[in-house]
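Step one of this worksheet: look at the structure below.
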Amino acid sequence: MRHLVILGGGTAGTMAANKLRRRLDRRQWQMTVVDQDDVHVYQPGLLFIPFGAYRPEDVVRPRRRFLPHGVALVLGEIDRVDPAAHTVALTDGRRLAYDYLVIATGTSPRPDQTAGMLGPQWRRSIFDFYTLDGATALATALRDFGGGRLVVHIVDMPIKCPVAPLEFAFLAEAYFRHRGMRDRVELVYATPLPGAFTKPIASAQLGSMLAERKIAVESDFMVEHIDPDAKTLVSYDEREIPFDLLVTVPLNMGADWVARSGLNDELNYVPVDKHTQLAKGHDDIFALGDAANIPTSKAGSVAHFSVDVFVDNFLAYIDGQAMTGSFDGHANCFVESGDGQGLLIDFNYDTEPLPGTYPLPVAGPFRLLNQSRLNHWGKLAFRWLYWHLLLPGRPIPLPARMSMAGKRRPDPRPDKE
């Protein structure tokens with residue numbers, strides 16, 4: 001009997017377990033998923049909790065509900081992996097042997113990594129929304145906010161869903177406008193990037209949307225520390241951004257046990273082949289989703305598309321065949337822009353987000369890099385798709401490889417009519 005252990009019961013780990021359980025011979029394979037708790041959070045929904053659109057119970061389900069019959073769920077904290085012994089050690093002393101290991105423990109915000117972030121102002125005037133507790137606390141803070149300077153801030157890249165801070169800024173602007181207090185709120189978007197986004201075409205479009213909404217942008221802002229007494233962000237080049245309410249995205253890092261196991265890069269992500277997700281230097285370990293150091297967005301769509309490629313590759317690999325599937329870094333995501341509107345971006349390792357349309361049977365086409373109500377409804381509808389199709393590993397008519405169909409490159413000539 002061969003044993004496959006999947007560390008992490010989030011999006012990537014749950015999808016992989018469901019898809020592989022259907023295709024691996026149960027007489028020959030045991031499968032185990034390990035996670036620290038039985039709480040699965042629909043992370044895209046955290047964005048909506050501060051604005052009252054979702055409640056905490058709308059985004060939480062038990063992990064067990066989404067794992068298929070025949071897959072064991074082990075609850076416990078991971079201490080380390082011993083690649084030489086092919087074992088996973090838990091902090092309570094239990095040890096799990098594996099023939100193949102899949103690491104899918106994701107990435108987490110680490111407010112402890114920025115001096116001054118944790119302290120007397122944490123969850124008083126400094127908030128995050130990438131955690132359920134943080135998003136819930138922020139809902140109360142926004143409701144009670146009487147005006148002043150609200151700063152939306154990113155410590156560094158990469159982060160889970162890199163458009164989420166932009167979405168928060170757009171939604172906050174609409175939120176205060178609809179409450180009749182926009183003139184009492186100064187909105188600032190502080191980012192370590194040179195612009196609103198990582199790629200130039202999307203950055204220009206999203207940057208213009210910030211300008212239209214009178215949201216000031218502080219670019220190339222690398223925070224060195226936060227002064228909680230003065231309520232000020234201080235950068236390495238000694239720029240200062242005061243705030244009355246700070247909504248921050250802390251440094252994102254992989255799990256500490258990855259470092260203890262010697263499987264890490266500088267941010268505790270697992271170095272992998274970006275096309276096959278096989279861990280570098282190991283022939284029996286794969287890393288999926290946010291846990292891997294692949295050079296693309298840490299987004300749910302990346303987990304989805306990469307797992308689709310991984311499953312076929314894994315089945316070939318364990319039979320001694322070549323992995324012929326190649327993940328191209330495909331990512332797409334809806335960008336909520338407020339007032340019942342949204343954008344859609346679609347890109348991969350080699351192609352940046354471009355304008356045009358996204359061909360999708362029945363529901364599409366969706367507009368790319370352009371606001372529409374259909375994009376907004378697409379983002380809201382995805383919650384149902386996530387629980388009922390994506391996590392259970394059922395077919396979704398979205399190709400894993402990015403297509404150029406419907407996309408167009410803007411004419412670079414500024415005088416082009």
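Going through the structure tokens in order, the chains are called A, B, and so on, while each chain numbers its residues from 1 and the ligands are numbered from 1 in the order shown.
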
Test item: residues at most 9 Å from Leu4 in chain A, only C-alpha atoms, excluding those fewer than 2 positions along its chain, as a ChimeraX atom specification: /A:2,6,29-33,97-102

List every residue of range 31-89 of chain A that has an atom at most 12 Å from any atom of range 321-343 of chain A, and for each one report the closest atom pair and its distance in Å to one decimal, counting only C-alpha atoms, with rows sorted by chain and then by increasing residue number, as JSON lines.
```
{"residue": "A:Pro44", "atom": "CA", "partner": "A:Phe334", "partner_atom": "CA", "distance": 10.1}
{"residue": "A:Gly45", "atom": "CA", "partner": "A:Glu336", "partner_atom": "CA", "distance": 11.6}
{"residue": "A:Leu47", "atom": "CA", "partner": "A:Glu336", "partner_atom": "CA", "distance": 9.5}
{"residue": "A:Phe48", "atom": "CA", "partner": "A:Glu336", "partner_atom": "CA", "distance": 9.9}
{"residue": "A:Phe51", "atom": "CA", "partner": "A:Gly338", "partner_atom": "CA", "distance": 11.1}
{"residue": "A:Ala53", "atom": "CA", "partner": "A:Gly340", "partner_atom": "CA", "distance": 11.8}
```

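Residue nearest Phe347 in chain A within the list A:Lys199, A:Arg367, A:His225, A:Arg383: A:Lys199 [criterion: smallest interatomic distance, only C-alpha atoms].
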
Proximity of range 117-185 of chain A to range 256-271 of chain A: per-residue shortest pair, 12 Å limit, only C-alpha atoms, as a tab-separated table:
```
residue	atom	partner	partner_atom	distance
A:Asp156	CA	A:Leu267	CA	11.2
A:Met157	CA	A:Leu267	CA	10.4
A:Pro158	CA	A:Leu267	CA	9.5
A:Ile159	CA	A:Leu267	CA	11.1
```

Print the selection's residues with N, CA and C atoms to a file, as a short mmCIF file (atom, residue, chain, number, x, y, z; two decimals), in the first residue's frame.
```
data_model
loop_
_atom_site.label_atom_id
_atom_site.label_comp_id
_atom_site.auth_asym_id
_atom_site.auth_seq_id
_atom_site.Cartn_x
_atom_site.Cartn_y
_atom_site.Cartn_z
N ASP A 156 4.55 44.21 1.46
CA ASP A 156 5.45 43.75 0.40
C ASP A 156 4.73 42.68 -0.40
N MET A 157 5.25 42.40 -1.58
CA MET A 157 4.75 41.33 -2.42
C MET A 157 5.67 40.12 -2.28
N PRO A 158 5.17 38.89 -2.53
CA PRO A 158 3.82 38.56 -2.99
C PRO A 158 2.83 38.47 -1.84
N ILE A 159 1.54 38.66 -2.18
CA ILE A 159 0.47 38.51 -1.21
C ILE A 159 -0.64 37.68 -1.84
#
```

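Selecting strand (DSSP E or B) from the backbone DSSP output for range 114-144 of chain A yields Ala115, Trp122, Ile126 and Phe127 of chain A.
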
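Across the structure, CA of Ile285 in chain A and CA of Gly300 in chain A are spaced 21.0 Å apart.
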
Kindly provide the residues of range 182-287 of chain A that approach range 117-138 of chain A to within 8 Å, each paired with its closest atom pair and their distance in Å to one decimal, based on only C-alpha atoms, listed by chain and increasing number, as JSON lines.
```
{"residue": "A:His225", "atom": "CA", "partner": "A:Met117", "partner_atom": "CA", "distance": 7.5}
{"residue": "A:Ile226", "atom": "CA", "partner": "A:Met117", "partner_atom": "CA", "distance": 5.9}
{"residue": "A:Pro228", "atom": "CA", "partner": "A:Gln121", "partner_atom": "CA", "distance": 6.1}
{"residue": "A:Asp244", "atom": "CA", "partner": "A:Ser125", "partner_atom": "CA", "distance": 6.6}
{"residue": "A:Leu245", "atom": "CA", "partner": "A:Ser125", "partner_atom": "CA", "distance": 4.9}
{"residue": "A:Leu246", "atom": "CA", "partner": "A:Ile126", "partner_atom": "CA", "distance": 4.7}
{"residue": "A:Val247", "atom": "CA", "partner": "A:Phe127", "partner_atom": "CA", "distance": 5.0}
{"residue": "A:Thr248", "atom": "CA", "partner": "A:Asp128", "partner_atom": "CA", "distance": 5.2}
{"residue": "A:Val249", "atom": "CA", "partner": "A:Asp128", "partner_atom": "CA", "distance": 6.0}
{"residue": "A:Pro250", "atom": "CA", "partner": "A:Asp128", "partner_atom": "CA", "distance": 7.5}
```

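The nearest approach to Glu352 in chain A among the residues A:Asp411, A:Ala255, A:Asn293, A:Ile201, with only C-alpha atoms taken into account, belongs to A:Ile201.
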
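Near Lys19 in chain A, within 6 Å and counting only C-alpha atoms, sit Ala16, Arg22 and Gly393 of chain A; same-chain residues fewer than 3 positions away were not included.
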
Just list as a CSV table (one decimal) with N, CA and C atoms, in the first residue's frame whatever in range 68-225 of chain A DSSP marks as helix (DSSP H, G or I).
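As a result, selection30.csv now contains:
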```
chain,number,residue,atom,x,y,z
A,111,PRO,N,1.8,39.9,10.7
A,111,PRO,CA,1.9,41.2,11.3
A,111,PRO,C,3.1,41.4,12.2
A,112,ASP,N,3.6,40.2,12.8
A,112,ASP,CA,4.8,40.2,13.7
A,112,ASP,C,6.0,40.6,12.9
A,113,GLN,N,6.0,40.6,11.6
A,113,GLN,CA,7.3,40.8,10.9
A,113,GLN,C,7.5,42.3,10.6
A,132,LEU,N,-10.3,36.0,9.1
A,132,LEU,CA,-11.7,36.1,9.5
A,132,LEU,C,-11.9,37.0,10.7
A,133,ASP,N,-11.0,36.9,11.7
A,133,ASP,CA,-11.1,37.8,12.9
A,133,ASP,C,-10.8,39.2,12.5
A,134,GLY,N,-9.9,39.4,11.6
A,134,GLY,CA,-9.5,40.8,11.2
A,134,GLY,C,-10.6,41.4,10.4
A,135,ALA,N,-11.2,40.7,9.5
A,135,ALA,CA,-12.3,41.3,8.7
A,135,ALA,C,-13.5,41.6,9.5
A,136,THR,N,-13.8,40.7,10.5
A,136,THR,CA,-15.0,41.0,11.4
A,136,THR,C,-14.7,42.2,12.3
A,137,ALA,N,-13.5,42.3,12.8
A,137,ALA,CA,-13.2,43.5,13.6
A,137,ALA,C,-13.3,44.8,12.8
A,138,LEU,N,-12.8,44.7,11.6
A,138,LEU,CA,-12.8,45.9,10.7
A,138,LEU,C,-14.2,46.3,10.4
A,139,ALA,N,-15.1,45.4,10.3
A,139,ALA,CA,-16.5,45.8,10.0
A,139,ALA,C,-17.0,46.8,11.1
A,140,THR,N,-16.7,46.5,12.3
A,140,THR,CA,-17.1,47.4,13.4
A,140,THR,C,-16.4,48.7,13.3
A,141,ALA,N,-15.1,48.7,13.0
A,141,ALA,CA,-14.3,49.9,12.9
A,141,ALA,C,-14.8,50.8,11.8
A,142,LEU,N,-15.1,50.2,10.6
A,142,LEU,CA,-15.6,51.1,9.5
A,142,LEU,C,-17.0,51.7,9.9
A,143,ARG,N,-17.8,50.9,10.5
A,143,ARG,CA,-19.2,51.4,10.9
A,143,ARG,C,-19.0,52.6,11.9
A,144,ASP,N,-18.0,52.5,12.8
A,144,ASP,CA,-17.9,53.6,13.8
A,144,ASP,C,-17.0,54.7,13.3
A,164,ALA,N,-6.8,42.4,-4.1
A,164,ALA,CA,-7.7,42.6,-3.0
A,164,ALA,C,-7.5,43.9,-2.3
A,165,PRO,N,-6.3,44.4,-2.1
A,165,PRO,CA,-6.2,45.8,-1.5
A,165,PRO,C,-6.8,46.9,-2.4
A,166,LEU,N,-6.6,46.7,-3.7
A,166,LEU,CA,-7.3,47.7,-4.6
A,166,LEU,C,-8.8,47.6,-4.5
A,167,GLU,N,-9.3,46.4,-4.4
A,167,GLU,CA,-10.8,46.2,-4.3
A,167,GLU,C,-11.2,46.8,-3.0
A,168,PHE,N,-10.5,46.7,-1.9
A,168,PHE,CA,-10.9,47.3,-0.6
A,168,PHE,C,-10.9,48.8,-0.8
A,169,ALA,N,-9.9,49.4,-1.4
A,169,ALA,CA,-9.9,50.8,-1.6
A,169,ALA,C,-11.2,51.3,-2.4
A,170,PHE,N,-11.5,50.6,-3.5
A,170,PHE,CA,-12.6,50.9,-4.3
A,170,PHE,C,-13.9,50.8,-3.5
A,171,LEU,N,-14.1,49.7,-2.8
A,171,LEU,CA,-15.3,49.5,-2.0
A,171,LEU,C,-15.4,50.5,-0.8
A,172,ALA,N,-14.3,50.8,-0.2
A,172,ALA,CA,-14.3,51.8,0.9
A,172,ALA,C,-14.8,53.2,0.3
A,173,GLU,N,-14.3,53.6,-0.8
A,173,GLU,CA,-14.7,54.8,-1.4
A,173,GLU,C,-16.2,54.8,-1.7
A,174,ALA,N,-16.7,53.8,-2.2
A,174,ALA,CA,-18.2,53.7,-2.5
A,174,ALA,C,-18.9,53.6,-1.2
A,175,TYR,N,-18.4,52.9,-0.2
A,175,TYR,CA,-19.1,52.8,1.1
A,175,TYR,C,-19.3,54.1,1.8
A,176,PHE,N,-18.2,54.9,1.8
A,176,PHE,CA,-18.3,56.2,2.5
A,176,PHE,C,-19.2,57.2,1.7
A,177,ARG,N,-19.1,57.1,0.4
A,177,ARG,CA,-19.9,57.9,-0.5
A,177,ARG,C,-21.4,57.6,-0.3
A,178,HIS,N,-21.8,56.4,-0.2
A,178,HIS,CA,-23.2,56.0,-0.1
A,178,HIS,C,-23.7,56.4,1.3
A,182,ARG,N,-18.3,60.9,2.3
A,182,ARG,CA,-17.0,60.8,1.5
A,182,ARG,C,-16.2,62.0,1.7
A,183,ASP,N,-16.8,63.2,1.8
A,183,ASP,CA,-16.0,64.4,1.9
A,183,ASP,C,-15.3,64.5,3.3
A,184,ARG,N,-15.6,63.6,4.2
A,184,ARG,CA,-14.9,63.6,5.5
A,184,ARG,C,-13.8,62.5,5.6
A,200,PRO,N,2.2,46.7,-16.4
A,200,PRO,CA,1.9,48.1,-16.8
A,200,PRO,C,0.6,48.4,-17.3
A,201,ILE,N,0.0,47.6,-18.2
A,201,ILE,CA,-1.3,47.9,-18.8
A,201,ILE,C,-2.4,47.9,-17.7
A,202,ALA,N,-2.4,46.9,-16.9
A,202,ALA,CA,-3.4,46.8,-15.8
A,202,ALA,C,-3.1,47.9,-14.8
A,203,SER,N,-1.8,48.2,-14.5
A,203,SER,CA,-1.5,49.2,-13.5
A,203,SER,C,-2.0,50.6,-14.0
A,204,ALA,N,-1.9,50.9,-15.3
A,204,ALA,CA,-2.4,52.1,-15.8
A,204,ALA,C,-3.9,52.2,-15.7
A,205,GLN,N,-4.6,51.2,-16.0
A,205,GLN,CA,-6.1,51.2,-15.9
A,205,GLN,C,-6.6,51.3,-14.5
A,206,LEU,N,-6.0,50.5,-13.6
A,206,LEU,CA,-6.4,50.5,-12.2
A,206,LEU,C,-6.0,51.8,-11.5
A,207,GLY,N,-4.8,52.4,-11.9
A,207,GLY,CA,-4.3,53.6,-11.4
A,207,GLY,C,-5.3,54.8,-11.8
A,208,SER,N,-5.8,54.8,-13.0
A,208,SER,CA,-6.7,55.8,-13.4
A,208,SER,C,-8.0,55.7,-12.6
A,209,MET,N,-8.4,54.5,-12.3
A,209,MET,CA,-9.6,54.3,-11.5
A,209,MET,C,-9.4,54.9,-10.1
A,210,LEU,N,-8.3,54.7,-9.5
A,210,LEU,CA,-8.0,55.3,-8.2
A,210,LEU,C,-8.0,56.8,-8.3
A,211,ALA,N,-7.4,57.4,-9.4
A,211,ALA,CA,-7.4,58.8,-9.5
A,211,ALA,C,-8.8,59.4,-9.7
A,212,GLU,N,-9.7,58.7,-10.5
A,212,GLU,CA,-11.1,59.1,-10.7
A,212,GLU,C,-11.8,59.2,-9.4
```

Selected residue of minimal separation from Pro162 in chain A among A:Phe197, A:Asp237, A:Val223, A:Leu46, counting only C-alpha atoms: A:Phe197

Surrounding residues of Phe366 in chain A excluding itself and chain neighbours under 4 positions, 8 Å, only C-alpha atoms, as a PyMOL selection string: chain A and resi 344+357-360+374-375

Any chance you could export the current selection's N, CA and C atoms as a short mmCIF file (atom, residue, chain, number, x, y, z; two decimals), in the first residue's frame?
```
data_model
loop_
_atom_site.label_atom_id
_atom_site.label_comp_id
_atom_site.auth_asym_id
_atom_site.auth_seq_id
_atom_site.Cartn_x
_atom_site.Cartn_y
_atom_site.Cartn_z
N LEU A 344 -12.45 42.09 -14.86
CA LEU A 344 -11.87 40.75 -14.89
C LEU A 344 -10.49 40.86 -15.50
N THR A 357 -12.19 40.55 -24.25
CA THR A 357 -13.27 39.76 -23.65
C THR A 357 -12.75 38.39 -23.27
N TYR A 358 -13.41 37.80 -22.26
CA TYR A 358 -13.05 36.46 -21.81
C TYR A 358 -14.15 35.51 -22.25
N PRO A 359 -13.88 34.71 -23.26
CA PRO A 359 -14.92 33.80 -23.77
C PRO A 359 -15.22 32.71 -22.75
N LEU A 360 -16.49 32.62 -22.35
CA LEU A 360 -16.92 31.58 -21.43
C LEU A 360 -18.28 31.09 -21.88
N LEU A 374 -21.85 42.59 -15.15
CA LEU A 374 -21.71 41.14 -15.29
C LEU A 374 -20.49 40.64 -14.52
N ASN A 375 -19.39 41.41 -14.55
CA ASN A 375 -18.21 41.02 -13.80
C ASN A 375 -18.49 41.01 -12.29
#
```

Contacts of Pro395 in chain A within 12 Å, only C-alpha atoms, excl. fewer than 6 positions in-chain, as an MDAnalysis selection string: chainID A and resid 15 18:19 304:305 308 385:386 388:389

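Proximity of A:Arg55, A:Lys160, A:Arg373, A:Arg149 to Val185 in chain A, computed with only C-alpha atoms, is greatest for A:Arg149.
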
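Residues lying within 12 Å of Leu73 in chain A, counting only C-alpha atoms and ignoring same-chain neighbours fewer than 5 positions away, are Val5, Ile6, Leu7, Gly8, Gly9, Gly13, Thr14, Ala17, Gln30, Met31, Thr32, Val33, Val34, Asp35, Gln36, Asp37, Asp38, Pro62, Arg63, Arg64, Arg65, Phe66, Leu67 and Pro68 of chain A.
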